[in-house]
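Trainee: Contents are compact mmCIF, C-alpha atoms and all ligand atoms; file name work03.txt:
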```
# COMPACT_ATOMS: atom_id res chain seq x y z
CA MET A 203 -2.80 0.78 32.71
CA SER A 204 0.09 2.55 30.98
CA SER A 205 -0.75 5.75 29.16
CA LEU A 206 1.15 8.00 26.77
CA LEU A 207 0.49 11.66 26.04
CA VAL A 208 1.72 13.31 22.85
CA ASP A 209 1.28 17.04 23.38
CA ASN A 210 2.40 20.40 22.08
CA ILE A 211 1.33 19.34 18.56
CA GLY A 212 1.32 22.42 16.30
CA GLU A 213 -0.78 20.78 13.58
CA LEU A 214 -2.58 17.49 14.17
CA VAL A 215 -3.94 15.66 11.11
CA THR A 216 -6.85 13.56 12.41
CA ASN A 217 -8.65 12.66 9.15
CA GLY A 218 -11.72 13.06 11.36
CA ALA A 219 -13.51 16.12 12.74
CA GLY A 220 -11.56 19.35 12.36
CA GLU A 221 -10.50 21.90 9.81
CA GLY A 222 -10.51 20.99 6.09
CA PRO A 223 -10.38 17.56 4.47
CA LEU A 224 -7.63 16.40 6.86
CA GLY A 225 -9.57 17.31 10.01
CA ILE A 226 -6.71 19.47 11.27
CA ARG A 227 -6.53 20.63 14.90
CA ARG A 228 -4.05 23.22 16.14
CA ASP A 229 -2.16 23.18 19.46
CA ALA A 230 -3.46 19.71 20.10
CA ALA A 231 -2.62 16.65 22.17
CA VAL A 232 -3.38 12.93 21.83
CA LEU A 233 -3.77 10.56 24.78
CA VAL A 234 -3.06 6.88 24.20
CA GLU A 235 -3.96 3.90 26.37
CA GLU A 236 -3.49 0.21 25.57
CA GLY A 237 -2.37 1.00 22.04
CA ARG A 238 -5.48 3.05 21.25
CA VAL A 239 -6.25 6.75 20.99
CA VAL A 240 -8.59 7.57 23.88
CA TRP A 241 -8.65 11.36 23.81
CA VAL A 242 -7.85 14.17 21.34
CA GLY A 243 -8.10 17.80 22.36
CA PRO A 244 -6.36 21.10 23.08
CA SER A 245 -2.83 20.64 24.42
CA ALA A 246 -3.58 23.11 27.23
CA TYR A 247 -6.28 20.78 28.61
CA ALA A 248 -4.45 17.48 28.14
CA PRO A 249 -4.88 14.95 30.95
CA ALA A 250 -1.88 13.55 32.80
CA ALA A 251 -0.24 10.35 31.59
CA ASP A 252 2.49 7.93 32.63
CA ARG A 253 4.71 8.82 29.71
CA HIS A 254 5.03 11.94 27.60
CA VAL A 255 6.23 12.88 24.12
CA ASP A 256 6.61 16.61 23.46
CA ALA A 257 6.04 17.26 19.76
CA GLY A 258 7.63 20.70 20.15
CA GLY A 259 5.06 22.45 17.96
CA ALA A 260 5.61 20.08 15.04
CA ALA A 261 3.00 18.38 12.84
CA VAL A 262 1.65 14.94 13.80
CA LEU A 263 -0.29 12.69 11.44
CA PRO A 264 -1.59 9.13 11.35
CA GLY A 265 1.07 6.61 10.39
CA PHE A 266 1.17 5.89 6.68
CA VAL A 267 -0.84 2.91 5.43
CA ASP A 268 1.03 1.30 2.53
CA SER A 269 -1.61 -0.97 1.01
CA HIS A 270 0.48 -2.42 -1.85
CA ALA A 271 3.96 -3.93 -1.43
CA HIS A 272 5.86 -6.97 -2.64
CA LEU A 273 8.48 -7.65 0.02
CA VAL A 274 9.05 -11.41 -0.19
CA PHE A 275 11.76 -11.85 -2.81
CA ALA A 276 15.45 -12.44 -3.34
CA GLY A 277 17.97 -10.67 -5.53
CA ASP A 278 17.70 -7.21 -7.03
CA ARG A 279 17.24 -5.89 -10.55
CA ALA A 280 19.45 -2.81 -10.51
CA ALA A 281 20.95 -3.74 -13.88
CA GLU A 282 17.47 -3.99 -15.42
CA PHE A 283 16.68 -0.54 -13.99
CA ALA A 284 19.85 0.88 -15.50
CA ALA A 285 19.02 -0.68 -18.88
CA ARG A 286 15.54 0.83 -18.73
CA MET A 287 16.93 4.25 -17.91
CA ALA A 288 19.14 3.78 -20.99
CA GLY A 289 16.02 3.34 -23.12
CA GLN A 290 14.67 -0.21 -22.84
CA PRO A 291 10.88 -0.41 -22.17
CA TYR A 292 9.29 -2.05 -19.11
CA THR A 293 7.28 -5.17 -20.01
CA GLY A 294 6.88 -6.94 -16.68
CA GLY A 295 8.97 -9.83 -18.02
CA GLY A 296 11.65 -9.29 -15.39
CA ILE A 297 9.32 -10.73 -12.73
CA ARG A 298 10.54 -14.18 -13.77
CA THR A 299 14.12 -13.18 -12.90
CA THR A 300 13.00 -12.53 -9.33
CA VAL A 301 11.01 -15.77 -9.28
CA GLY A 302 14.19 -17.75 -10.01
CA ALA A 303 16.13 -16.00 -7.25
CA THR A 304 13.26 -16.34 -4.76
CA ARG A 305 12.85 -20.07 -5.31
CA ALA A 306 16.59 -20.54 -4.75
CA ALA A 307 16.61 -18.55 -1.48
CA THR A 308 16.36 -20.02 2.01
CA ASP A 309 13.50 -19.10 4.34
CA GLU A 310 15.96 -17.12 6.43
CA GLU A 311 17.19 -15.10 3.46
CA LEU A 312 13.61 -14.18 2.56
CA ARG A 313 12.80 -13.35 6.19
CA VAL A 314 15.82 -11.05 6.48
CA THR A 315 14.73 -9.11 3.38
CA VAL A 316 11.13 -8.72 4.57
CA ARG A 317 12.28 -7.49 7.97
CA ARG A 318 14.86 -5.12 6.50
CA LEU A 319 12.33 -3.51 4.13
CA ARG A 320 9.62 -3.39 6.78
CA ALA A 321 12.03 -1.64 9.18
CA GLU A 322 13.09 0.75 6.40
CA ALA A 323 9.42 1.65 5.79
CA LEU A 324 8.73 2.08 9.50
CA ARG A 325 11.56 4.62 9.78
CA GLN A 326 9.77 6.54 7.03
CA GLY A 327 6.50 6.55 8.92
CA THR A 328 4.70 3.46 7.58
CA THR A 329 2.84 1.84 10.45
CA THR A 330 0.74 -0.60 8.37
CA MET A 331 2.13 -2.40 5.33
CA GLU A 332 0.38 -4.92 3.12
CA ILE A 333 2.68 -7.69 1.87
CA LYS A 334 2.07 -9.86 -1.19
CA SER A 335 3.48 -13.19 -2.25
CA GLY A 336 3.96 -13.69 -5.98
CA TYR A 337 7.61 -14.53 -6.55
CA GLY A 338 7.36 -18.20 -5.61
CA LEU A 339 4.70 -19.44 -8.06
CA THR A 340 4.84 -23.03 -6.79
CA VAL A 341 2.58 -24.41 -4.07
CA ALA A 342 5.44 -24.64 -1.58
CA ASP A 343 7.06 -21.31 -2.47
CA GLU A 344 3.81 -19.33 -2.37
CA ALA A 345 2.87 -20.91 0.97
CA ARG A 346 6.24 -20.13 2.54
CA SER A 347 6.22 -16.59 1.12
CA LEU A 348 2.90 -15.94 2.87
CA ARG A 349 3.98 -17.67 6.06
CA ILE A 350 7.01 -15.35 6.21
CA ALA A 351 4.90 -12.29 5.29
CA ALA A 352 2.44 -13.13 8.08
CA GLU A 353 5.26 -12.91 10.64
CA THR A 354 5.41 -9.19 9.86
CA SER A 355 1.91 -8.10 8.78
CA THR A 356 -1.71 -9.15 9.20
CA GLU A 357 -2.43 -7.65 5.76
CA THR A 358 -1.10 -10.49 3.61
CA THR A 359 -2.07 -11.10 0.00
CA PHE A 360 -1.87 -14.25 -2.11
CA LEU A 361 -0.54 -13.29 -5.55
CA GLY A 362 0.10 -16.69 -7.08
CA ALA A 363 -1.31 -15.14 -10.27
CA HIS A 364 1.49 -12.61 -10.66
CA VAL A 365 2.80 -14.07 -13.94
CA VAL A 366 2.53 -17.50 -15.52
CA PRO A 367 5.84 -19.12 -14.56
CA ALA A 368 8.14 -20.28 -17.37
CA GLU A 369 7.37 -23.97 -16.83
CA TYR A 370 3.67 -23.29 -17.58
CA ALA A 371 4.25 -20.85 -20.45
CA ASP A 372 2.58 -23.15 -22.99
CA ARG A 373 -0.33 -24.14 -20.78
CA PRO A 374 -1.66 -21.18 -18.80
CA ASP A 375 -5.00 -22.95 -18.17
CA ASP A 376 -3.13 -25.60 -16.20
CA TYR A 377 -1.42 -22.92 -14.15
CA VAL A 378 -4.76 -21.27 -13.35
CA GLY A 379 -5.97 -24.69 -12.20
CA LEU A 380 -2.96 -25.00 -9.92
CA VAL A 381 -3.51 -21.51 -8.47
CA CYS A 382 -7.21 -22.17 -7.79
CA GLY A 383 -6.58 -25.65 -6.42
CA PRO A 384 -3.60 -26.74 -4.33
CA MET A 385 -1.82 -23.39 -4.30
CA LEU A 386 -4.84 -21.52 -2.91
CA ALA A 387 -5.43 -24.27 -0.37
CA ALA A 388 -1.83 -23.95 0.88
CA ALA A 389 -1.84 -20.15 0.78
CA ALA A 390 -5.25 -19.31 2.25
CA PRO A 391 -4.40 -20.06 5.91
CA HIS A 392 -1.72 -17.33 5.78
CA ALA A 393 -3.53 -14.79 3.59
CA LYS A 394 -6.28 -12.20 4.06
CA TRP A 395 -6.50 -11.12 0.41
CA ILE A 396 -6.18 -12.49 -3.11
CA ASP A 397 -4.72 -10.49 -5.98
CA VAL A 398 -4.15 -11.04 -9.72
CA PHE A 399 -1.95 -9.18 -12.19
CA CYS A 400 -4.64 -8.66 -14.84
CA GLU A 401 -2.68 -7.34 -17.78
CA ARG A 402 -1.61 -8.31 -21.28
CA GLY A 403 1.34 -10.68 -20.82
CA ALA A 404 0.09 -11.75 -17.39
CA PHE A 405 -3.54 -12.95 -16.84
CA ASP A 406 -6.51 -12.16 -19.04
CA VAL A 407 -9.88 -11.17 -17.63
CA ASP A 408 -11.39 -14.67 -17.72
CA HIS A 409 -8.45 -16.20 -15.88
CA ALA A 410 -8.43 -13.31 -13.43
CA ARG A 411 -12.16 -13.67 -12.75
CA ALA A 412 -11.82 -17.42 -12.17
CA ILE A 413 -8.90 -17.01 -9.76
CA LEU A 414 -10.46 -14.17 -7.79
CA ALA A 415 -13.75 -16.05 -7.51
CA CYS A 416 -11.91 -19.08 -6.08
CA GLY A 417 -10.18 -16.82 -3.60
CA GLN A 418 -13.48 -15.24 -2.55
CA ALA A 419 -14.96 -18.68 -2.05
CA ALA A 420 -12.00 -19.50 0.22
CA GLY A 421 -12.80 -16.42 2.33
CA LEU A 422 -10.21 -14.02 0.92
CA GLY A 423 -10.93 -10.40 0.04
CA VAL A 424 -10.33 -9.24 -3.52
CA ARG A 425 -7.83 -6.68 -4.80
CA LEU A 426 -6.09 -6.57 -8.14
CA HIS A 427 -3.41 -5.07 -10.35
CA ALA A 428 -5.26 -3.51 -13.25
CA ASN A 429 -4.79 -1.11 -16.16
CA GLN A 430 -1.11 -0.48 -15.46
CA LEU A 431 0.56 -1.03 -18.82
CA GLY A 432 -2.42 -0.38 -21.07
CA PRO A 433 -6.21 -0.14 -21.21
CA GLY A 434 -8.19 -3.27 -20.35
CA PRO A 435 -11.07 -4.80 -18.44
CA GLY A 436 -9.29 -5.18 -15.08
CA VAL A 437 -10.79 -2.19 -13.29
CA ARG A 438 -14.34 -3.17 -14.31
CA LEU A 439 -13.67 -6.74 -13.17
CA GLY A 440 -12.62 -5.35 -9.79
CA VAL A 441 -15.87 -3.42 -9.50
CA GLU A 442 -17.86 -6.51 -10.57
CA LEU A 443 -16.24 -8.56 -7.79
CA ASP A 444 -16.51 -5.87 -5.09
CA ALA A 445 -12.73 -5.52 -4.86
CA ALA A 446 -11.51 -3.45 -1.94
CA SER A 447 -9.04 -1.86 -4.31
CA VAL A 448 -7.95 -1.79 -7.94
CA ASP A 449 -4.31 -0.88 -8.12
CA HIS A 450 -2.30 1.15 -10.67
CA CYS A 451 -5.24 2.58 -12.74
CA THR A 452 -2.81 4.26 -15.13
CA HIS A 453 -4.83 3.71 -18.32
CA LEU A 454 -8.52 4.31 -17.66
CA SER A 455 -11.45 4.76 -20.02
CA ASP A 456 -14.47 6.89 -19.14
CA ALA A 457 -16.35 3.63 -18.50
CA ASP A 458 -13.68 2.53 -15.98
CA VAL A 459 -13.94 5.81 -14.07
CA ALA A 460 -17.75 5.63 -14.15
CA ALA A 461 -17.69 2.04 -12.87
CA LEU A 462 -15.51 3.05 -9.92
CA ALA A 463 -17.68 6.11 -9.22
CA GLY A 464 -20.70 3.79 -9.27
CA THR A 465 -19.45 2.02 -6.13
CA ALA A 466 -20.09 5.18 -4.09
CA ASN A 467 -21.26 4.52 -0.53
CA SER A 468 -24.71 5.90 0.21
CA ASP A 469 -23.41 7.91 3.19
CA GLY A 470 -21.22 10.09 0.98
CA SER A 471 -18.00 8.60 2.35
CA GLY A 472 -16.47 7.88 -1.05
CA THR A 473 -16.38 4.69 -3.07
CA ARG A 474 -16.42 1.11 -1.86
CA THR A 475 -13.78 0.14 -4.42
CA VAL A 476 -10.70 2.32 -4.00
CA ALA A 477 -8.35 3.32 -6.82
CA THR A 478 -4.84 2.81 -5.47
CA LEU A 479 -2.24 4.78 -7.38
CA LEU A 480 1.40 3.71 -7.32
CA PRO A 481 3.48 6.60 -8.68
CA GLY A 482 6.76 4.91 -7.72
CA ALA A 483 6.11 2.47 -10.57
CA GLU A 484 5.70 5.22 -13.16
CA PHE A 485 8.75 6.97 -11.77
CA SER A 486 10.88 3.82 -11.97
CA THR A 487 9.66 2.78 -15.40
CA ARG A 488 9.67 6.34 -16.80
CA SER A 489 6.01 6.00 -17.75
CA PRO A 490 3.12 8.47 -17.82
CA TYR A 491 1.49 8.91 -14.40
CA PRO A 492 -2.16 8.05 -13.70
CA ASP A 493 -4.60 10.95 -13.74
CA ALA A 494 -5.52 11.28 -10.09
CA ARG A 495 -7.43 14.50 -10.71
CA ARG A 496 -9.87 12.74 -13.04
CA LEU A 497 -10.61 10.10 -10.39
CA LEU A 498 -10.95 12.58 -7.56
CA ASP A 499 -13.22 14.85 -9.59
CA ALA A 500 -15.45 11.83 -10.33
CA GLY A 501 -15.75 11.15 -6.60
CA VAL A 502 -13.58 8.03 -6.58
CA THR A 503 -11.70 7.30 -3.34
CA VAL A 504 -7.96 7.34 -4.05
CA ALA A 505 -5.15 5.70 -2.08
CA LEU A 506 -1.41 6.02 -2.54
CA ALA A 507 0.99 3.12 -2.00
CA THR A 508 4.61 2.30 -2.82
CA ASP A 509 4.30 -0.94 -4.86
CA CYS A 510 7.68 -1.68 -3.22
CA ASN A 511 9.23 -4.44 -5.37
CA PRO A 512 12.66 -5.11 -6.86
CA GLY A 513 11.65 -4.61 -10.51
CA SER A 514 9.38 -1.66 -11.14
CA SER A 515 9.34 0.39 -7.91
CA TYR A 516 12.07 -0.29 -5.40
CA THR A 517 11.04 2.37 -2.90
CA SER A 518 9.54 1.84 0.54
CA SER A 519 8.97 5.56 1.04
CA MET A 520 5.43 6.87 1.40
CA PRO A 521 6.70 10.49 1.72
CA PHE A 522 8.33 10.05 -1.70
CA CYS A 523 4.99 8.84 -3.13
CA VAL A 524 3.18 11.81 -1.57
CA ALA A 525 5.66 14.19 -3.18
CA LEU A 526 5.28 12.46 -6.57
CA ALA A 527 1.49 12.53 -6.33
CA VAL A 528 1.49 16.27 -5.73
CA ARG A 529 4.11 17.16 -8.32
CA GLU A 530 3.19 14.67 -11.06
CA MET A 531 -0.47 13.69 -10.52
CA ARG A 532 -2.04 17.05 -9.68
CA MET A 533 -3.13 16.05 -6.21
CA THR A 534 -3.13 18.76 -3.56
CA PRO A 535 -0.83 18.10 -0.58
CA ALA A 536 -3.93 17.48 1.57
CA GLU A 537 -5.36 14.98 -0.93
CA ALA A 538 -2.05 13.14 -1.12
CA VAL A 539 -1.61 12.95 2.65
CA TRP A 540 -5.21 11.72 3.04
CA ALA A 541 -4.65 9.10 0.30
CA ALA A 542 -1.45 7.87 1.99
CA THR A 543 -3.16 7.45 5.37
CA ALA A 544 -6.98 7.19 5.41
CA GLY A 545 -7.05 6.21 1.72
CA GLY A 546 -4.71 3.28 2.35
CA ALA A 547 -6.89 2.21 5.26
CA ARG A 548 -9.95 2.27 3.02
CA ALA A 549 -8.10 0.19 0.43
CA LEU A 550 -7.66 -2.41 3.17
CA ARG A 551 -11.26 -1.94 4.39
CA ARG A 552 -10.00 -0.84 7.80
CA ASP A 553 -11.51 1.94 9.90
CA ASP A 554 -9.19 1.60 12.90
CA ILE A 555 -6.10 2.98 11.13
CA GLY A 556 -5.35 6.04 8.99
CA VAL A 557 -7.24 8.26 11.44
CA LEU A 558 -6.40 9.80 14.82
CA THR A 559 -9.74 9.83 16.58
CA PRO A 560 -10.80 8.13 19.83
CA GLY A 561 -10.87 4.36 19.34
CA ALA A 562 -8.32 4.32 16.51
CA ARG A 563 -5.07 2.46 16.78
CA ALA A 564 -2.36 4.69 18.18
CA ASP A 565 -0.17 4.82 15.06
CA LEU A 566 1.33 8.33 14.88
CA VAL A 567 4.10 10.06 13.03
CA VAL A 568 5.79 13.18 14.40
CA LEU A 569 7.26 15.23 11.56
CA ASP A 570 10.39 17.33 11.65
CA ALA A 571 8.23 20.07 10.18
CA PRO A 572 5.43 22.40 11.24
CA SER A 573 2.91 21.16 8.64
CA HIS A 574 1.94 18.16 6.49
CA LEU A 575 2.61 20.46 3.50
CA HIS A 576 6.32 19.90 3.99
CA LEU A 577 6.02 16.25 2.89
CA ALA A 578 5.59 17.46 -0.69
CA TYR A 579 7.30 20.84 -0.28
CA ARG A 580 10.59 19.28 0.90
CA PRO A 581 10.91 16.10 -1.21
CA GLY A 582 13.69 13.66 -0.43
CA VAL A 583 14.28 15.13 3.03
CA PRO A 584 14.01 12.78 6.06
CA LEU A 585 11.12 14.53 7.82
CA ILE A 586 9.99 11.65 10.04
CA ARG A 587 11.22 12.59 13.52
CA GLN A 588 9.43 9.90 15.51
CA VAL A 589 7.09 6.99 14.87
CA ILE A 590 4.67 5.65 17.49
CA ARG A 591 3.16 2.31 16.56
CA ASN A 592 0.39 0.65 18.53
CA GLY A 593 1.05 3.25 21.24
CA VAL A 594 4.75 2.36 21.47
CA PRO A 595 7.46 4.89 20.51
CA GLN A 596 9.77 3.12 18.02
ZN ZN B 601 2.30 -4.52 -7.48
```
Using structure tokens, write down the structure from this file.

Mentor:
Amino acid sequence: MSSLLVDNIGELVTNGAGEGPLGIRRDAAVLVEEGRVVWVGPSAYAPAADRHVDAGGAAVLPGFVDSHAHLVFAGDRAAEFAARMAGQPYTGGGIRTTVGATRAATDEELRVTVRRLRAEALRQGTTTMEIKSGYGLTVADEARSLRIAAETSTETTFLGAHVVPAEYADRPDDYVGLVCGPMLAAAAPHAKWIDVFCERGAFDVDHARAILACGQAAGLGVRLHANQLGPGPGVRLGVELDAASVDHCTHLSDADVAALAGTANSDGSGTRTVATLLPGAEFSTRSPYPDARRLLDAGVTVALATDCNPGSSYTSSMPFCVALAVREMRMTPAEAVWAATAGGARALRRDDIGVLTPGARADLVVLDAPSHLHLAYRPGVPLIRQVIRNGVPQ
């Protein structure tokens, strides 16, 4: 059995037992066997191992869990971004531009993009990345998008209900029928989750409920895009359907916050439905940020993710999102780091990632910094010195 010891860790973020909300241990070491953490303790008492990584007194944290990304697409929308920065508003209408380019692309072109973005994220410390379909919007194009996504991630999400494609613009009910029928049947073998963009201009609450219920019946877990561009019933629909996560949460009423808080687990471990905040989208659309403080103060579990996509948030960087969350959303550095690791895991209903405790998957990031604080304190700086994924140094 091959083992790996990471020792001489100045500050170890475990998200388990330890100091403060991040479960910090000082002068620590982590022993890994068969891709799992098997021991965490003082570096001075670390057992021997076959291989050795000396963290040199730096900070080590769980790999980032990016629970919301759209990687299967073709083309880019840099010109749309430039126009928006020159004053045009974001409406979500540009999604159809990417749909056209994606349908025209070969499987290999889509595969190359997914792999390139996944590798880019890995270099920035992301060890788990959810990947959605949603730029095909035909039975064949959604199925191939998910097939390609599943080559790279086990956390794959069917988003056939991203927008109503142009050819169904006059008959959205027919499109919902297609999504719930043949499209879901073709997508489900490659997907773990189902998602809907529940927003004015995309899918209303009745269509969203129907689609998510079909997905649940097909064995998929529920997550959804809700309350991004304006107030609406999306978040409450997510709570009604026991969604693992409601994503964006930019425009929330008191009733929305109360509904999320009402999903609190009885053991005090936060809420069953997570609010996933995507500050890269507000950054890239020059929009007001969600109020993370309000959610946290109400006891709602918060995750951070990139929303990596070519239209409204073309970043794969979780450190960037952590920095934005601290600067723009009034999260403390500890809250933001927790949300980007353990919070993302909770949004995917996983307990084997986002933590560094015995039994967890050995996904670790060694920072080029003495503390997790530097992720927000030194924005834009490449602080990821080394990534270990599944026990394997990358
Ligand atoms: Zn999204």

Trainee: Tell me, in Å to one decimal, how far CA of Leu422 (chain A) is from CA of Asp469 (chain A).

Mentor: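 Taking CA of Leu422 (chain A) and CA of Asp469 (chain A), their separation equals 25.7 Å.
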
Trainee: Show me a table, sorted first by chain and then by increasing residue number, of the residues of chain A having an atom at most 7 Å from ligand ZN 601 (chain B), each with its shortest atom pair and the distance in Å to one decimal, counting only C-alpha atoms and all ligand atoms and written as a tab-separated table.

Mentor:
```
residue	atom	partner	partner_atom	distance
A:His270	CA	B:ZN601	ZN	6.3
A:Ala271	CA	B:ZN601	ZN	6.3
A:His272	CA	B:ZN601	ZN	6.5
A:His427	CA	B:ZN601	ZN	6.4
A:Asp509	CA	B:ZN601	ZN	4.9
```

Trainee: List as a ChimeraX atom specification the protein and nucleic acid residues near region 214-229 of chain A, meaning an atom at most 6 Å away when only C-alpha atoms are counted, but skip any in the same chain fewer than 3 places from it.

Mentor: /A:210-211,244-245,261-263,557-558

Trainee: Tell me, in Å to one decimal, how far CA of Leu207 (chain A) is from CA of Val242 (chain A).

Mentor: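 Calculated distance between CA of Leu207 (chain A) and CA of Val242 (chain A) is 9.9 Å.
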
Trainee: CA of Tyr579 (chain A) and CA of Asp553 (chain A) are how many Å apart?

Mentor: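 Computing the Euclidean distance for CA of Tyr579 (chain A) and CA of Asp553 (chain A) yields 28.5 Å.
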
Trainee: Residues within 12 Å of (-10.7, 5.7, 15.9), file coordinates, counting only C-alpha atoms: what are they? Give the list as a PyMOL selection string.

Mentor: chain A and resi 216-219+232+234+237-242+264+544+547+552-565

Trainee: Using all atoms listed in the file, which residue out of A:Thr304, A:Thr478, A:Ser335, A:Thr354 lies closest to Arg318 (chain A)?

Mentor: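 Checking each candidate against Arg318 (chain A), we get A:Thr354 as the closest.
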
Trainee: List as a PyMOL selection string the protein and nucleic acid residues near Arg402 (chain A), meaning an atom at most 12 Å away when only C-alpha atoms are counted, but skip any in the same chain fewer than 2 places from it.

Mentor: chain A and resi 293-295+364-366+399-400+404-407+409-410+427-436

Trainee: Generate the output file for the selected residues, C-alpha atoms, as a tab-separated table (two decimals), in the coordinates of the input.

Mentor:
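Output file part_2.tsv follows:
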```tsv
chain	number	residue	atom	x	y	z
A	293	THR	CA	7.28	-5.17	-20.01
A	294	GLY	CA	6.88	-6.94	-16.68
A	295	GLY	CA	8.97	-9.83	-18.02
A	364	HIS	CA	1.49	-12.61	-10.66
A	365	VAL	CA	2.80	-14.07	-13.94
A	366	VAL	CA	2.53	-17.50	-15.52
A	399	PHE	CA	-1.95	-9.18	-12.19
A	400	CYS	CA	-4.64	-8.66	-14.84
A	404	ALA	CA	0.09	-11.75	-17.39
A	405	PHE	CA	-3.54	-12.95	-16.84
A	406	ASP	CA	-6.51	-12.16	-19.04
A	407	VAL	CA	-9.88	-11.17	-17.63
A	409	HIS	CA	-8.45	-16.20	-15.88
A	410	ALA	CA	-8.43	-13.31	-13.43
A	427	HIS	CA	-3.41	-5.07	-10.35
A	428	ALA	CA	-5.26	-3.51	-13.25
A	429	ASN	CA	-4.79	-1.11	-16.16
A	430	GLN	CA	-1.11	-0.48	-15.46
A	431	LEU	CA	0.56	-1.03	-18.82
A	432	GLY	CA	-2.42	-0.38	-21.07
A	433	PRO	CA	-6.21	-0.14	-21.21
A	434	GLY	CA	-8.19	-3.27	-20.35
A	435	PRO	CA	-11.07	-4.80	-18.44
A	436	GLY	CA	-9.29	-5.18	-15.08
```

Trainee: Hey, what's within 12 Å of Asp499 (chain A) if we count all atoms listed in the file and toss same-chain stuff fewer than 2 positions away? As number ranges by chain, please?

Mentor: A: 459-460, 463, 472, 493-497, 501-504, 532-533, 537

Trainee: From the set A:Ser269, A:Ser205, A:Ser573, A:Thr473, which residue has the shortest atom-to-atom contact distance to Asp252 (chain A), counting all atoms listed in the file?

Mentor: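 Smallest separation from Asp252 (chain A) among the options: A:Ser205.
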
Trainee: Skip region 371-382 of chain A itself and residues of its chain fewer than 4 positions away, then list as an MDAnalysis selection string all residues within 10 Å of it, counting all atoms listed in the file.

Mentor: chainID A and resid 339:341 344 360:363 365:367 386:389 404:405 409:410 412:417 420

Trainee: Find the residues near Ala446 (chain A): any atom within 9 Å, counting all atoms listed in the file, skip ones fewer than 2 places away on the same chain, and give them as a ChimeraX atom specification.

Mentor: /A:423-426,440-441,444,448,474-477,548-551

Trainee: Closest to Phe275 (chain A) among A:Gly259, A:Pro584, A:Pro512, A:Gly327, using only C-alpha atoms?

Mentor: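 Under the stated criterion, the closest residue is A:Pro512.
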
Trainee: Of the residues A:Asp209, A:Asp456, A:Glu282, A:Glu530, which is the one nearest to Thr487 (chain A), using all atoms listed in the file?

Mentor: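 That would be A:Glu282, the residue with the smallest distance to Thr487 (chain A).
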
Trainee: With only C-alpha atoms as the basis for distance, which of A:Ala276, A:Ala284, A:Leu585, A:Ala500 is at the shortest distance from Glu311 (chain A)?

Mentor: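 Smallest distance to Glu311 (chain A) is found for A:Ala276.
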
Trainee: Measuring between all atoms listed in the file, which one of A:Gly403, A:Pro384, A:Pro581, A:Gly338 shows the shortest distance to Thr300 (chain A)?

Mentor: A:Gly338
